[in-house]
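Asks: For reference, the structure I am asking about is given below.
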Number of protein chains: 2
Amino acid sequence: MRQVTLHDVANAIGVSAQTVSRVINQRPDVADATRVRVWETIRQLGYKPNIMARGLVSRRSHVLGVITLTLNDYFRSEVMTGLEKDARARGYACHLSFAKEDADDLPELVDSMLARQVDAIALLMPKRFVYPEFHVDVPVVSIAHLLDHPRAINVDVDNIDGAYQAIRYLLDQGHRTIGHITGPMDWAPAADRVEGARRALAEEQVPLTLRNYVESKDWTLQSGYEAACQLLEQLPDLTAIFCHNDWMALGAYRALREMGRRIPTDVSVLGYDDLPICQFMEPPLSSVRQPGEGLGQLMAQLVITAIDHAEAYRQDMLVPAELMVRDSVIAPSLTV
Amino acid sequence: MRQVTLHDVANAIGVSAQTVSRVINQRPDVADATRVRVWETIRQLGYKPNIMARGLVSRRSHVLGVITLTLNDYFRSEVMTGLEKDARARGYACHLSFAKEDADDLPELVDSMLARQVDAIALLMPKRFVYPEFHVDVPVVSIAHLLDHPRAINVDVDNIDGAYQAIRYLLDQGHRTIGHITGPMDWAPAADRVEGARRALAEEQVPLTLRNYVESKDWTLQSGYEAACQLLEQLPDLTAIFCHNDWMALGAYRALREMGRRIPTDVSVLGYDDLPICQFMEPPLSSVRQPGEGLGQLMAQLVITAIDHAEAYRQDMLVPAELMVRDSVIAPSLTV
DNA sequence: CTGATTCCCGTTAGCGTTCACGAATACTGG
DNA sequence: CCAGTATTCGTGAACGCTAACGGGAATCAG
């Protein structure tokens, strides 16, 4: 059961392989009559071009290497979806590899991808990991920053703007005493979100002290709960809490309930990530949505374009976040 | 910046390309002295074998095609992780493609993978989707059943056994009036879990009526909540609820709390999937764990083995689920 | 010392495709 | 009717690698 080759098609209608190749690649210099006959037999014989052979000569594998730490999180999984769909639409397939948790196998992953002749690489790694100096001559797209690589493209969701929108919304509702539950500050998104919040608050000259912040030790529900408890202690008169992700907001919900504070009547809560669970929370959680699929599509688009427009297609891009308003935020009651 | 080839290495030390090839492929018929010199220069020149060229002649791409609907669910994302890691350990890379929601582009996805010369295909699709008759001569591994393909391998977590374990546990704790919140019954896992539960109950001759069951319309928290409300109405004296997934268990928690029933004092709850959130629930939810990574590894192992042991390596396998005991189940109080 | 065996290694060809070149035919214009 | 231009197609060669074969040197047996 050998696979059908170009020559098989060619022989079947007494024409050269080159002609068949031309037909497939939509070259103009083929007579219409021939073109039709070729397509006909291609269909009949069920011919499929051998991508490896094609890649060997064209030096293009039409494969995109994707490296991630995990897909077990909503955002990255959405990014991956957008990335793959857009890449496929452009004729590219995705090689997926998972890095180890400490990401120290990243260099060998990249190496193995290069040996497989990937045309480009997409990195879905948290910024915390120090990237090796890639000695690669393929374009690389990465979420959240990358070093000095001349063909690196950096994209991200605009965390500063996302947090700015969130706080701006709270301010517009009339909140002035706002508690912040931040992610671990060695994560870039956490730092950016703090900065975005600061800018919004500065606009209204709202004073800002350390008492307004609690840094969680990880991004989990539990650490959100603990942070919220601490926050309620150090800033008891707060009217709103901004959480750096939805899991921690869930933890804050729990803490507030335990303290007998009603949401949103007594305290408004705002989350980040817009997980599916938001709409099932009580009350449904308002949250900042990160357009994961859109970001993935952008990554694919940029990096695939960079393949052919070789040198120095360097480009950094931010996509905006979007505030999803539900029922967890209202104007603060005057009695507080 | 042409890539370093076999010939470059060969020329560098005045030996033939074939010899270098032999060294790389660990053939025995090379003098030790030569072998050392070759490795030396390979390292110096940074030579990496070109997988496409190699694949062209060996007719092996060492690529595994993976098709899924989404990775945005805990189980599948775990499976994918195990699959990829095991595949990579065996020298295989993974091509990932997402099918459309109705999966009607599955045939073209498969076609495009075959054109890319994948050596095998792994399907992570829900059983509900009718698979096309694959006319492929590569082995296919699929979660939950596949047609008559002679080289198909079917694997799954043993849902019958998982549910059996769950109910057996409830029975052992003394529960006799158990409510079931099932997934939509056109999903195979839901049907299997019902069957597993039936078997356990039959062992104790516990009578079983339609009143014990509520079928949710989807697998979400909300539908779990609604199902729980209905269940409490039609089976008010229940002492335990078995939910076909953890999200629905979360919904059940909410319903129970609203009804003023304490967990687990008044009603015990048992979930399925063992999501990370289980341990953060109040009380932490006991749940049936599906070994996703293990299943993924098994898939990779089976299907890659099938590549070389060509025809009729047909094999169907179930991996056992595991009950994770936390605090949401206790013996029923005697007063009920 | 001769023939057989073993150990190394090079040569040739081919995997399925595309590129660069050029040749044959048909179509122009004068 | 002929040179000149399109149009259409075929012929090597090459991409980087491995399979198959064969040949020379070294080793061994008799």
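Simple scheme: letters A, B, ... for chains in structure tokens order, numbers from 1 for residues in each chain, numbers from 1 for ligands in the order shown.
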Least-squares fit on all C-alpha atoms, paired in order: put chain A onto chain B and return it as a tab-separated table (two decimals) with C-alpha atoms, in the first residue's frame.
Replies:
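Okay, this is what ended up in selection30.tsv:
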```
chain	number	residue	atom	x	y	z
A	1	MET	CA	23.50	30.21	7.40
A	2	ARG	CA	22.82	26.83	5.82
A	3	GLN	CA	22.15	24.03	8.20
A	4	VAL	CA	24.97	21.63	8.93
A	5	THR	CA	24.52	18.40	7.02
A	6	LEU	CA	25.77	14.90	7.22
A	7	HIS	CA	28.18	15.64	4.40
A	8	ASP	CA	29.66	18.60	6.20
A	9	VAL	CA	30.52	16.40	9.10
A	10	ALA	CA	31.82	13.69	6.79
A	11	ASN	CA	34.02	16.05	4.79
A	12	ALA	CA	35.41	17.64	7.90
A	13	ILE	CA	37.16	14.41	8.82
A	14	GLY	CA	37.51	12.78	5.41
A	15	VAL	CA	34.98	10.05	5.82
A	16	SER	CA	31.81	9.18	3.96
A	17	ALA	CA	28.39	10.47	4.87
A	18	GLN	CA	27.24	6.93	5.28
A	19	THR	CA	29.71	6.38	8.07
A	20	VAL	CA	28.47	9.41	9.91
A	21	SER	CA	24.94	8.19	9.45
A	22	ARG	CA	25.97	4.87	10.91
A	23	VAL	CA	27.48	6.51	13.93
A	24	ILE	CA	24.35	8.51	14.59
A	25	ASN	CA	22.11	5.52	14.27
A	26	GLN	CA	24.32	3.51	16.59
A	27	ARG	CA	25.19	0.85	14.07
A	28	PRO	CA	27.80	-1.62	15.24
A	29	ASP	CA	29.95	-1.65	12.13
A	30	VAL	CA	32.05	1.40	12.81
A	31	ALA	CA	35.54	1.40	14.31
A	32	ASP	CA	35.65	2.88	17.78
A	33	ALA	CA	38.30	5.39	16.77
A	34	THR	CA	36.15	6.66	13.92
A	35	ARG	CA	33.11	6.74	16.08
A	36	VAL	CA	34.82	9.02	18.55
A	37	ARG	CA	36.12	11.37	15.88
A	38	VAL	CA	32.67	11.58	14.31
A	39	TRP	CA	30.93	12.42	17.55
A	40	GLU	CA	33.59	14.99	18.18
A	41	THR	CA	32.97	16.88	14.96
A	42	ILE	CA	29.23	16.47	15.25
A	43	ARG	CA	29.46	18.30	18.50
A	44	GLN	CA	31.87	20.90	17.18
A	45	LEU	CA	29.84	21.70	14.10
A	46	GLY	CA	26.60	21.54	16.02
A	47	TYR	CA	25.11	19.07	13.63
A	48	LYS	CA	21.46	18.14	14.06
A	49	PRO	CA	19.93	15.46	11.87
A	50	ASN	CA	17.25	16.77	9.55
A	51	ILE	CA	14.13	14.95	10.57
A	52	MET	CA	12.34	15.65	7.32
A	53	ALA	CA	15.03	14.08	5.21
A	54	ARG	CA	15.22	11.17	7.56
A	55	GLY	CA	11.49	10.79	7.52
A	56	LEU	CA	11.37	10.91	3.76
A	57	VAL	CA	13.42	7.78	3.39
A	58	SER	CA	12.43	5.94	6.53
A	59	ARG	CA	8.76	6.68	6.01
A	60	ARG	CA	8.50	7.56	9.65
A	61	SER	CA	7.84	11.10	10.76
A	62	HIS	CA	8.02	10.31	14.45
A	63	VAL	CA	5.03	12.52	14.88
A	64	LEU	CA	1.86	11.66	16.70
A	65	GLY	CA	-1.30	13.45	15.62
A	66	VAL	CA	-3.61	14.44	18.45
A	67	ILE	CA	-7.12	15.67	17.86
A	68	THR	CA	-9.24	17.06	20.63
A	69	LEU	CA	-12.32	19.16	21.03
A	70	THR	CA	-10.90	21.37	23.73
A	71	LEU	CA	-8.20	21.28	26.32
A	72	ASN	CA	-10.15	23.56	28.53
A	73	ASP	CA	-11.18	20.81	30.82
A	74	TYR	CA	-9.19	19.28	33.56
A	75	PHE	CA	-9.32	15.68	32.48
A	76	ARG	CA	-8.39	16.16	28.85
A	77	SER	CA	-5.70	18.59	29.68
A	78	GLU	CA	-4.16	16.02	31.98
A	79	VAL	CA	-4.45	13.34	29.34
A	80	MET	CA	-2.71	15.60	26.88
A	81	THR	CA	0.12	16.20	29.29
A	82	GLY	CA	0.70	12.52	29.90
A	83	LEU	CA	0.40	11.78	26.23
A	84	GLU	CA	2.95	14.35	25.18
A	85	LYS	CA	5.47	13.53	27.85
A	86	ASP	CA	5.37	9.84	27.17
A	87	ALA	CA	5.46	10.35	23.44
A	88	ARG	CA	8.45	12.64	23.71
A	89	ALA	CA	10.26	10.12	25.87
A	90	ARG	CA	9.80	7.71	23.00
A	91	GLY	CA	11.13	10.13	20.44
A	92	TYR	CA	7.78	11.28	19.19
A	93	ALA	CA	6.45	14.80	18.87
A	94	CYS	CA	2.78	15.73	19.08
A	95	HIS	CA	0.81	17.55	16.43
A	96	LEU	CA	-2.17	19.08	18.14
A	97	SER	CA	-5.37	20.05	16.37
A	98	PHE	CA	-8.68	21.23	17.72
A	99	ALA	CA	-11.85	19.98	16.11
A	100	LYS	CA	-14.81	22.22	15.74
A	101	GLU	CA	-17.47	21.91	18.37
A	102	ASP	CA	-19.66	19.67	16.31
A	103	ALA	CA	-16.59	17.77	15.20
A	104	ASP	CA	-17.72	17.68	11.61
A	105	ASP	CA	-14.29	18.72	10.43
A	106	LEU	CA	-12.79	15.58	11.87
A	107	PRO	CA	-12.31	13.91	8.49
A	108	GLU	CA	-10.36	16.80	7.06
A	109	LEU	CA	-8.29	17.07	10.21
A	110	VAL	CA	-7.37	13.44	9.89
A	111	ASP	CA	-6.61	13.91	6.22
A	112	SER	CA	-4.34	16.81	6.84
A	113	MET	CA	-2.53	14.88	9.52
A	114	LEU	CA	-2.03	11.96	7.21
A	115	ALA	CA	-0.67	14.27	4.55
A	116	ARG	CA	1.80	15.37	7.16
A	117	GLN	CA	2.77	11.75	7.52
A	118	VAL	CA	1.89	11.32	11.15
A	119	ASP	CA	2.78	7.83	12.28
A	120	ALA	CA	-0.27	7.48	14.48
A	121	ILE	CA	-3.33	9.33	15.65
A	122	ALA	CA	-4.77	9.89	19.09
A	123	LEU	CA	-8.36	10.97	19.51
A	124	LEU	CA	-9.54	12.80	22.60
A	125	MET	CA	-13.13	13.17	21.53
A	126	PRO	CA	-16.27	12.50	23.50
A	127	LYS	CA	-17.97	9.32	22.48
A	128	ARG	CA	-21.11	11.13	21.45
A	129	PHE	CA	-19.53	12.04	18.19
A	130	VAL	CA	-19.98	9.53	15.51
A	131	TYR	CA	-16.62	8.87	14.07
A	132	PRO	CA	-16.18	8.64	10.37
A	133	GLU	CA	-14.92	5.41	8.99
A	134	PHE	CA	-11.25	6.10	8.96
A	135	HIS	CA	-9.56	4.91	5.84
A	136	VAL	CA	-6.17	5.21	7.37
A	137	ASP	CA	-3.37	2.75	7.61
A	138	VAL	CA	-1.89	4.19	10.76
A	139	PRO	CA	-2.83	3.03	14.21
A	140	VAL	CA	-5.45	5.08	16.02
A	141	VAL	CA	-5.93	5.30	19.75
A	142	SER	CA	-9.09	6.77	21.12
A	143	ILE	CA	-10.62	7.44	24.47
A	144	ALA	CA	-13.84	5.61	24.77
A	145	HIS	CA	-14.45	3.35	21.86
A	146	LEU	CA	-13.89	3.38	18.20
A	147	LEU	CA	-15.45	1.51	15.37
A	148	ASP	CA	-14.18	-1.30	13.28
A	149	HIS	CA	-10.85	0.06	12.29
A	150	PRO	CA	-8.45	-2.87	12.34
A	151	ARG	CA	-5.72	-0.84	13.92
A	152	ALA	CA	-7.81	0.99	16.48
A	153	ILE	CA	-6.95	0.91	20.14
A	154	ASN	CA	-9.55	1.90	22.66
A	155	VAL	CA	-8.74	3.07	26.13
A	156	ASP	CA	-10.72	4.68	28.87
A	157	VAL	CA	-10.96	5.21	32.54
A	158	ASP	CA	-13.15	2.50	33.97
A	159	ASN	CA	-16.27	4.50	34.67
A	160	ILE	CA	-18.25	1.51	35.77
A	161	ASP	CA	-15.67	0.61	38.35
A	162	GLY	CA	-15.25	4.24	39.41
A	163	ALA	CA	-18.93	4.61	40.16
A	164	TYR	CA	-18.98	1.20	41.74
A	165	GLN	CA	-16.22	2.26	44.14
A	166	ALA	CA	-18.05	5.46	44.92
A	167	ILE	CA	-21.35	3.80	45.77
A	168	ARG	CA	-19.63	0.93	47.52
A	169	TYR	CA	-18.02	3.53	49.77
A	170	LEU	CA	-21.35	5.18	50.53
A	171	LEU	CA	-22.91	1.81	51.27
A	172	ASP	CA	-20.06	0.89	53.58
A	173	GLN	CA	-20.63	4.09	55.48
A	174	GLY	CA	-24.16	2.94	56.00
A	175	HIS	CA	-26.04	4.97	53.42
A	176	ARG	CA	-29.09	3.31	51.92
A	177	THR	CA	-31.03	6.20	50.46
A	178	ILE	CA	-28.77	7.67	47.87
A	179	GLY	CA	-29.62	10.29	45.29
A	180	HIS	CA	-27.83	10.35	41.94
A	181	ILE	CA	-27.17	13.41	39.84
A	182	THR	CA	-26.14	11.97	36.51
A	183	GLY	CA	-24.60	13.62	33.52
A	184	PRO	CA	-26.61	13.76	30.30
A	185	MET	CA	-27.30	10.15	29.49
A	186	ASP	CA	-26.20	10.41	25.89
A	187	TRP	CA	-22.68	10.71	27.23
A	188	ALA	CA	-21.09	7.32	27.63
A	189	PRO	CA	-19.45	8.13	30.98
A	190	ALA	CA	-22.82	8.99	32.46
A	191	ALA	CA	-24.35	5.73	31.31
A	192	ASP	CA	-21.38	3.76	32.61
A	193	ARG	CA	-21.47	5.46	35.97
A	194	VAL	CA	-25.13	4.66	36.34
A	195	GLU	CA	-24.35	1.04	35.59
A	196	GLY	CA	-21.48	0.97	38.10
A	197	ALA	CA	-23.75	2.40	40.76
A	198	ARG	CA	-26.42	-0.14	39.95
A	199	ARG	CA	-24.01	-3.01	40.46
A	200	ALA	CA	-22.90	-1.81	43.87
A	201	LEU	CA	-26.46	-1.24	44.99
A	202	ALA	CA	-27.51	-4.65	43.71
A	203	GLU	CA	-24.93	-6.28	45.93
A	204	GLU	CA	-26.73	-4.95	48.96
A	205	GLN	CA	-30.16	-5.43	47.50
A	206	VAL	CA	-30.84	-1.76	47.92
A	207	PRO	CA	-34.00	-0.94	46.04
A	208	LEU	CA	-33.60	1.53	43.27
A	209	THR	CA	-36.27	3.65	41.69
A	210	LEU	CA	-36.44	6.45	39.23
A	211	ARG	CA	-36.91	8.76	42.17
A	212	ASN	CA	-33.25	8.21	43.00
A	213	TYR	CA	-32.09	9.81	39.77
A	214	VAL	CA	-32.00	13.21	38.24
A	215	GLU	CA	-30.33	13.68	34.89
A	216	SER	CA	-28.64	17.03	34.43
A	217	LYS	CA	-28.93	18.79	31.12
A	218	ASP	CA	-25.21	19.54	30.96
A	219	TRP	CA	-22.29	19.14	33.33
A	220	THR	CA	-22.28	22.64	34.80
A	221	LEU	CA	-22.57	23.94	38.32
A	222	GLN	CA	-25.89	25.50	37.47
A	223	SER	CA	-27.44	22.31	36.16
A	224	GLY	CA	-26.07	20.48	39.19
A	225	TYR	CA	-27.81	23.00	41.38
A	226	GLU	CA	-31.09	22.55	39.59
A	227	ALA	CA	-30.79	18.79	39.64
A	228	ALA	CA	-30.08	18.82	43.35
A	229	CYS	CA	-33.17	20.94	44.02
A	230	GLN	CA	-35.30	18.51	42.12
A	231	LEU	CA	-33.66	15.56	43.78
A	232	LEU	CA	-34.34	16.94	47.25
A	233	GLU	CA	-37.92	17.30	46.30
A	234	GLN	CA	-38.47	13.85	44.88
A	235	LEU	CA	-36.30	12.05	47.43
A	236	PRO	CA	-36.43	14.19	50.58
A	237	ASP	CA	-35.13	11.51	52.93
A	238	LEU	CA	-31.87	10.92	51.10
A	239	THR	CA	-28.71	10.74	53.19
A	240	ALA	CA	-26.17	10.98	50.40
A	241	ILE	CA	-25.81	12.36	46.89
A	242	PHE	CA	-23.54	10.96	44.23
A	243	CYS	CA	-22.72	13.49	41.53
A	244	HIS	CA	-21.29	12.55	38.16
A	245	ASN	CA	-18.84	15.40	38.30
A	246	ASP	CA	-17.44	17.92	40.72
A	247	TRP	CA	-19.00	20.98	39.20
A	248	MET	CA	-22.42	19.53	39.73
A	249	ALA	CA	-21.39	18.58	43.26
A	250	LEU	CA	-20.62	22.23	43.80
A	251	GLY	CA	-24.11	23.03	42.63
A	252	ALA	CA	-25.48	20.42	44.99
A	253	TYR	CA	-23.55	22.02	47.85
A	254	ARG	CA	-25.27	25.27	47.10
A	255	ALA	CA	-28.71	23.71	46.91
A	256	LEU	CA	-28.20	21.84	50.14
A	257	ARG	CA	-27.03	24.92	51.93
A	258	GLU	CA	-30.03	26.84	50.73
A	259	MET	CA	-32.30	24.11	52.02
A	260	GLY	CA	-30.58	24.28	55.35
A	261	ARG	CA	-29.07	20.84	55.10
A	262	ARG	CA	-25.58	20.56	56.49
A	263	ILE	CA	-22.79	18.72	54.68
A	264	PRO	CA	-21.92	16.07	55.66
A	265	THR	CA	-23.87	16.02	58.90
A	266	ASP	CA	-27.25	15.85	57.22
A	267	VAL	CA	-26.30	14.83	53.72
A	268	SER	CA	-23.09	13.33	52.42
A	269	VAL	CA	-21.88	14.30	48.94
A	270	LEU	CA	-19.56	12.47	46.61
A	271	GLY	CA	-18.16	13.92	43.40
A	272	TYR	CA	-16.35	12.74	40.33
A	273	ASP	CA	-13.18	13.99	38.57
A	274	ASP	CA	-11.24	15.18	41.59
A	275	LEU	CA	-10.77	18.70	40.36
A	276	PRO	CA	-8.19	20.80	42.19
A	277	ILE	CA	-11.04	22.81	43.67
A	278	CYS	CA	-12.26	19.79	45.65
A	279	GLN	CA	-9.83	20.39	48.46
A	280	PHE	CA	-10.93	24.00	48.73
A	281	MET	CA	-14.60	23.27	49.04
A	282	GLU	CA	-16.41	23.41	52.35
A	283	PRO	CA	-16.20	20.71	53.39
A	284	PRO	CA	-13.49	19.34	51.06
A	285	LEU	CA	-15.23	17.11	48.56
A	286	SER	CA	-14.55	13.42	48.35
A	287	SER	CA	-14.34	12.51	44.71
A	288	VAL	CA	-13.42	9.83	42.24
A	289	ARG	CA	-10.10	10.59	40.61
A	290	GLN	CA	-9.53	9.78	36.96
A	291	PRO	CA	-5.86	9.21	36.29
A	292	GLY	CA	-5.63	11.50	33.29
A	293	GLU	CA	-1.89	11.61	32.95
A	294	GLY	CA	-1.65	7.88	33.33
A	295	LEU	CA	-4.26	7.39	30.66
A	296	GLY	CA	-2.39	9.72	28.34
A	297	GLN	CA	0.82	7.83	28.88
A	298	LEU	CA	-0.94	4.58	28.19
A	299	MET	CA	-2.33	5.96	24.97
A	300	ALA	CA	1.07	7.05	23.78
A	301	GLN	CA	2.65	3.80	24.73
A	302	LEU	CA	0.05	1.61	23.08
A	303	VAL	CA	-0.23	3.54	19.88
A	304	ILE	CA	3.49	3.98	19.40
A	305	THR	CA	4.05	0.32	19.94
A	306	ALA	CA	1.36	-0.38	17.39
A	307	ILE	CA	3.25	1.60	14.78
A	308	ASP	CA	6.02	-0.92	14.52
A	309	HIS	CA	4.07	-4.03	15.37
A	310	ALA	CA	1.90	-3.27	12.46
A	311	GLU	CA	-1.18	-5.29	11.73
A	312	ALA	CA	-3.82	-6.09	14.25
A	313	TYR	CA	-2.27	-4.82	17.40
A	314	ARG	CA	-5.81	-4.28	18.43
A	315	GLN	CA	-6.23	-3.87	22.10
A	316	ASP	CA	-8.78	-2.33	24.44
A	317	MET	CA	-7.84	-1.19	27.86
A	318	LEU	CA	-9.42	0.32	30.94
A	319	VAL	CA	-7.49	2.04	33.68
A	320	PRO	CA	-8.97	2.07	37.16
A	321	ALA	CA	-10.30	5.17	38.87
A	322	GLU	CA	-9.41	5.97	42.44
A	323	LEU	CA	-11.60	7.24	45.23
A	324	MET	CA	-10.16	10.27	46.99
A	325	VAL	CA	-11.59	10.44	50.47
A	326	ARG	CA	-11.99	13.86	52.04
A	327	ASP	CA	-14.58	15.21	54.43
A	328	SER	CA	-17.86	15.34	52.54
A	329	VAL	CA	-19.00	11.86	53.45
A	330	ILE	CA	-19.74	10.44	56.89
A	331	ALA	CA	-22.09	7.79	58.16
A	332	PRO	CA	-25.71	8.89	58.08
A	333	SER	CA	-27.11	10.13	61.35
A	334	LEU	CA	-29.62	7.75	62.83
A	335	THR	CA	-32.24	10.36	63.38
A	336	VAL	CA	-32.95	10.75	59.70
```
Asks: Taking only C-alpha atoms (C1' of nucleotides) into account, report as a PDB file with C-alpha atoms (C1' of nucleotides), in the first residue's frame which residues of chain D lie within 8 Å of chain A.
Replies:
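To be explicit, this is the file written out as part22.pdb:
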```pdb
ATOM      1  C1'  DT D   7       2.736  29.761 -23.701  1.00  0.00           C
ATOM      2  C1'  DT D   8       3.303  25.174 -22.143  1.00  0.00           C
ATOM      3  C1'  DC D   9       5.887  21.489 -20.791  1.00  0.00           C
ATOM      4  C1'  DG D  10       9.956  18.263 -19.910  1.00  0.00           C
ATOM      5  C1'  DA D  14      19.260  18.923  -5.690  1.00  0.00           C
ATOM      6  C1'  DC D  15      17.264  18.885  -0.717  1.00  0.00           C
ATOM      7  C1'  DG D  16      19.578  15.572   3.525  1.00  0.00           C
TER       8       DG D  16
END
```
Asks: For DT5 of chain C, work out the shell of residues within 12 Å, counting only C-alpha atoms (C1' of nucleotides) and skipping chain neighbours fewer than 2 positions away, then give it as an NGL selection string.
Replies: (:C and (3 or 7)) or (:D and (26-29))
Asks: Could you write those residues out with C-alpha atoms (C1' of nucleotides), as a short mmCIF file (atom, residue, chain, number, x, y, z; two decimals), in the first residue's frame?
Replies:
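To be explicit, this is the file written out as again_4.cif:
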```
data_model
loop_
_atom_site.label_atom_id
_atom_site.label_comp_id
_atom_site.auth_asym_id
_atom_site.auth_seq_id
_atom_site.Cartn_x
_atom_site.Cartn_y
_atom_site.Cartn_z
"C1'" DG C 3 41.56 -18.91 0.72
"C1'" DC C 7 35.74 -5.71 10.24
"C1'" DA D 26 43.30 -7.19 8.45
"C1'" DT D 27 42.79 -11.55 10.74
"C1'" DC D 28 42.40 -16.41 10.86
"C1'" DA D 29 42.58 -21.46 9.67
#
```
Asks: Just list the residues in segment 151-311 of chain B DSSP gives helix (DSSP H, G or I) on the backbone, as a PyMOL selection string.
Replies: chain B and resi 159-172+188-203+210-212+221-234+246-258+276-280+292-308
Asks: Extract the full set of strand (DSSP E or B) residues from segment 14-256 of chain A according to DSSP on the backbone, and format it as number ranges by chain.
Replies: A: 63-68, 93-98, 120-124, 140-143, 152-157, 178-182, 213-215, 240-243
Asks: Give me, as an MDAnalysis selection string, the contact residues of chain C against chain A at a cut-off of 7 Å, counting only C-alpha atoms (C1' of nucleotides).
Replies: chainID C and resid 16:18
Asks: Could you please determine the separation between atom C1' of DA20 of chain D and atom C1' of DG10 of chain C in Å, to one decimal place?
Replies: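 Those two atoms sit 12.6 Å apart.
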Asks: For DC21 of chain D, find every residue with an atom within 10 Å (counting only C-alpha atoms (C1' of nucleotides)), except residues of its own chain fewer than 2 positions away, and show them as an MDAnalysis selection string.
Replies: (chainID C and resid 11:12) or (chainID D and resid 19 23)
Asks: Those residues you just picked out, can you put them in a file as a PDB file, in the first residue's frame with N, CA and C atoms (P, O5', C5', C4', C3', O3' and C1' of nucleotides)?
Replies:
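Okay, this is what ended up in selection-v9.pdb:
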```pdb
ATOM      1  P    DT C  11      33.750   7.222  -2.208  1.00  0.00           P
ATOM      2  O5'  DT C  11      32.798   6.407  -3.184  1.00  0.00           O
ATOM      3  C5'  DT C  11      32.990   5.011  -3.359  1.00  0.00           C
ATOM      4  C4'  DT C  11      31.919   4.430  -4.271  1.00  0.00           C
ATOM      5  C3'  DT C  11      31.097   5.445  -5.062  1.00  0.00           C
ATOM      6  O3'  DT C  11      30.841   4.923  -6.356  1.00  0.00           O
ATOM      7  C1'  DT C  11      29.651   4.189  -3.661  1.00  0.00           C
ATOM      8  P    DT C  12      30.172   5.815  -7.485  1.00  0.00           P
ATOM      9  O5'  DT C  12      28.670   5.280  -7.442  1.00  0.00           O
ATOM     10  C5'  DT C  12      28.435   3.879  -7.594  1.00  0.00           C
ATOM     11  C4'  DT C  12      26.961   3.575  -7.388  1.00  0.00           C
ATOM     12  C3'  DT C  12      25.996   4.546  -8.072  1.00  0.00           C
ATOM     13  O3'  DT C  12      25.106   3.798  -8.883  1.00  0.00           O
ATOM     14  C1'  DT C  12      25.390   4.247  -5.812  1.00  0.00           C
TER      15       DT C  12
ATOM     16  P    DA D  19      18.369   2.589   7.007  1.00  0.00           P
ATOM     17  O5'  DA D  19      18.303   1.769   5.639  1.00  0.00           O
ATOM     18  C5'  DA D  19      17.185   1.951   4.778  1.00  0.00           C
ATOM     19  C4'  DA D  19      17.352   1.115   3.523  1.00  0.00           C
ATOM     20  C3'  DA D  19      17.933  -0.275   3.749  1.00  0.00           C
ATOM     21  O3'  DA D  19      17.341  -1.169   2.805  1.00  0.00           O
ATOM     22  C1'  DA D  19      19.410   0.989   2.396  1.00  0.00           C
ATOM     23  P    DG D  23      33.137  -5.493  -5.750  1.00  0.00           P
ATOM     24  O5'  DG D  23      34.421  -4.619  -5.398  1.00  0.00           O
ATOM     25  C5'  DG D  23      34.293  -3.231  -5.055  1.00  0.00           C
ATOM     26  C4'  DG D  23      35.305  -2.881  -3.983  1.00  0.00           C
ATOM     27  C3'  DG D  23      36.499  -3.849  -3.926  1.00  0.00           C
ATOM     28  O3'  DG D  23      37.667  -3.104  -3.627  1.00  0.00           O
ATOM     29  C1'  DG D  23      35.433  -3.813  -1.834  1.00  0.00           C
TER      30       DG D  23
END
```
Asks: Can you tell me how far atom C1' of DC17 of chain D sits from atom C1' of DC21 of chain C, in Å to one decimal?
Replies: 26.4 Å
